[in-house]
Amino acid sequence: MDKLRRVLSGQDAEDPGPLAEVIDASTLSWSTRLKGFVACFALGVLCSILGSCLLWVPRKGVILFAVFYTLGNISSLGSTIFLMGPMKQLKRMFEPTRLIATIVMLLCLVLTLCSAFWWHNKGLVLIFCILQFFALAWYSISYIPYARDAVKKCFAVCLT
């Protein structure tokens with residue numbers, strides 16, 4: 001009876017674990033959320049690849065590249081909303097360990113589109129797309145324990 005009271009009041013001594021947190025994140029079923037994640041992520045990859053192919057289109061290629069590559073990254077990033085839920089995703093994005101990577105990534109997304117549509121600077125488009133890639137990669141590996149440390153050590157070994 002005591003255990004039931006703790007469970008109902010949310011004070012259970014046992015840690016529910018990360019899978020239970022993910023399952024409780026949404027009213028959608030687990031299989032539906034998994035399908036949404038895969039579909040959104042696949043769409044993101046497809047948009048990024050399509051954007052890379054459109055880079056070679058004369059005159060408007062850089063703008064198409066910027067738009068599709070940025071939409072692909074946004075879709076890939078948004079795919080995790082299906083797994084965690086929107087509020088938990090936002091909270092995790094702006095945790096102190098991911099704050100700089102999140103800000104740089106979002107800033108690069110905006111600056112890529114600005115350099116394509118308003119500044120019409122192809123060089124900046126490519127620079128910001130490259131920065132998008134690295135910021136998204138750094139952000140993504142922040143979810144893997146000790147991955148950032150491993151990457152830093154690997155670069156340190158390569159540079160010495």
# chains A, B, ... in the order shown; residues from 1 in each chain; ligands from 1
>>> closest_atom_pairs(of="range 51-95 of chain A", to="range 30-43 of chain A", cutoff="12 Å", atoms="only C-alpha atoms", output="JSON lines")
{"residue": "A:Gly51", "atom": "CA", "partner": "A:Leu43", "partner_atom": "CA", "distance": 12.0}
{"residue": "A:Phe68", "atom": "CA", "partner": "A:Leu43", "partner_atom": "CA", "distance": 10.6}
{"residue": "A:Tyr69", "atom": "CA", "partner": "A:Leu43", "partner_atom": "CA", "distance": 11.1}
{"residue": "A:Leu71", "atom": "CA", "partner": "A:Leu43", "partner_atom": "CA", "distance": 9.2}
{"residue": "A:Gly72", "atom": "CA", "partner": "A:Leu43", "partner_atom": "CA", "distance": 6.9}
{"residue": "A:Asn73", "atom": "CA", "partner": "A:Phe41", "partner_atom": "CA", "distance": 8.9}
{"residue": "A:Ile74", "atom": "CA", "partner": "A:Phe41", "partner_atom": "CA", "distance": 9.4}
{"residue": "A:Ser75", "atom": "CA", "partner": "A:Cys40", "partner_atom": "CA", "distance": 5.8}
{"residue": "A:Ser76", "atom": "CA", "partner": "A:Phe41", "partner_atom": "CA", "distance": 4.5}
{"residue": "A:Leu77", "atom": "CA", "partner": "A:Phe41", "partner_atom": "CA", "distance": 7.7}
{"residue": "A:Gly78", "atom": "CA", "partner": "A:Cys40", "partner_atom": "CA", "distance": 7.3}
{"residue": "A:Ser79", "atom": "CA", "partner": "A:Phe37", "partner_atom": "CA", "distance": 4.6}
{"residue": "A:Thr80", "atom": "CA", "partner": "A:Phe37", "partner_atom": "CA", "distance": 6.1}
{"residue": "A:Ile81", "atom": "CA", "partner": "A:Phe37", "partner_atom": "CA", "distance": 7.6}
{"residue": "A:Phe82", "atom": "CA", "partner": "A:Arg33", "partner_atom": "CA", "distance": 5.0}
{"residue": "A:Leu83", "atom": "CA", "partner": "A:Arg33", "partner_atom": "CA", "distance": 5.9}
{"residue": "A:Met84", "atom": "CA", "partner": "A:Arg33", "partner_atom": "CA", "distance": 9.0}
{"residue": "A:Gly85", "atom": "CA", "partner": "A:Arg33", "partner_atom": "CA", "distance": 9.4}
>>> atom_distance(atom1="CA of Cys108 in chain A", atom2="CA of Val67 in chain A")
12.4 Å
>>> select_by_dssp(residues="range 19-149 of chain A", states="helix (DSSP H, G or I)", output="number ranges by chain")
A: 19-23, 30-54, 61-78, 80-84, 86-93, 99-117, 122-141, 147-149
>>> residues_around(residues="range 117-119 of chain A", least_positions_apart="3", cutoff="8 Å", atoms="only C-alpha atoms", output="PyMOL selection string")
chain A and resi 63+113-114
>>> write_last_selection(atoms="N, CA, C and O atoms", output="PDB file, in the first residue's frame")
ATOM      1  N   ILE A  63      20.543  29.286 -53.846  1.00  0.00           N
ATOM      2  CA  ILE A  63      19.340  29.553 -53.040  1.00  0.00           C
ATOM      3  C   ILE A  63      18.587  28.253 -52.777  1.00  0.00           C
ATOM      4  O   ILE A  63      18.173  27.981 -51.641  1.00  0.00           O
ATOM      5  N   LEU A 113      19.864  31.188 -44.557  1.00  0.00           N
ATOM      6  CA  LEU A 113      18.741  31.701 -45.355  1.00  0.00           C
ATOM      7  C   LEU A 113      18.893  33.199 -45.641  1.00  0.00           C
ATOM      8  O   LEU A 113      18.585  33.662 -46.743  1.00  0.00           O
ATOM      9  N   CYS A 114      19.390  33.956 -44.655  1.00  0.00           N
ATOM     10  CA  CYS A 114      19.621  35.390 -44.877  1.00  0.00           C
ATOM     11  C   CYS A 114      20.658  35.625 -45.967  1.00  0.00           C
ATOM     12  O   CYS A 114      20.474  36.491 -46.831  1.00  0.00           O
TER      13      CYS A 114
END
>>> closest_residue(among="A:Thr27, A:Thr102, A:Asn121, A:Gln89", to="Phe134 in chain A", atoms="only C-alpha atoms")
A:Thr102
>>> atom_distance(atom1="CA of Ala116 in chain A", atom2="CA of Ala101 in chain A")
22.4 Å
>>> closest_atom_pairs(of="range 94-143 of chain A", to="range 58-62 of chain A", cutoff="12 Å", atoms="only C-alpha atoms", output="Markdown table")
| residue | atom | partner | partner_atom | distance |
| --- | --- | --- | --- | --- |
| A:Thr112 | CA | A:Val62 | CA | 10.3 |
| A:Leu113 | CA | A:Val62 | CA | 10.3 |
| A:Ser115 | CA | A:Val62 | CA | 9.9 |
| A:Ala116 | CA | A:Val62 | CA | 7.0 |
| A:Phe117 | CA | A:Val62 | CA | 9.8 |
| A:His120 | CA | A:Val62 | CA | 9.0 |
| A:Asn121 | CA | A:Val62 | CA | 9.0 |
| A:Lys122 | CA | A:Val62 | CA | 6.3 |
| A:Gly123 | CA | A:Val62 | CA | 9.4 |
| A:Leu124 | CA | A:Val62 | CA | 10.3 |
| A:Val125 | CA | A:Val62 | CA | 7.3 |
| A:Leu126 | CA | A:Val62 | CA | 8.3 |
| A:Ile127 | CA | A:Val62 | CA | 11.9 |
| A:Cys129 | CA | A:Val62 | CA | 10.8 |
>>> closest_residue(among="A:Gln132, A:Thr70, A:Ser142, A:Thr160", to="Cys47 in chain A", atoms="only C-alpha atoms")
A:Thr70
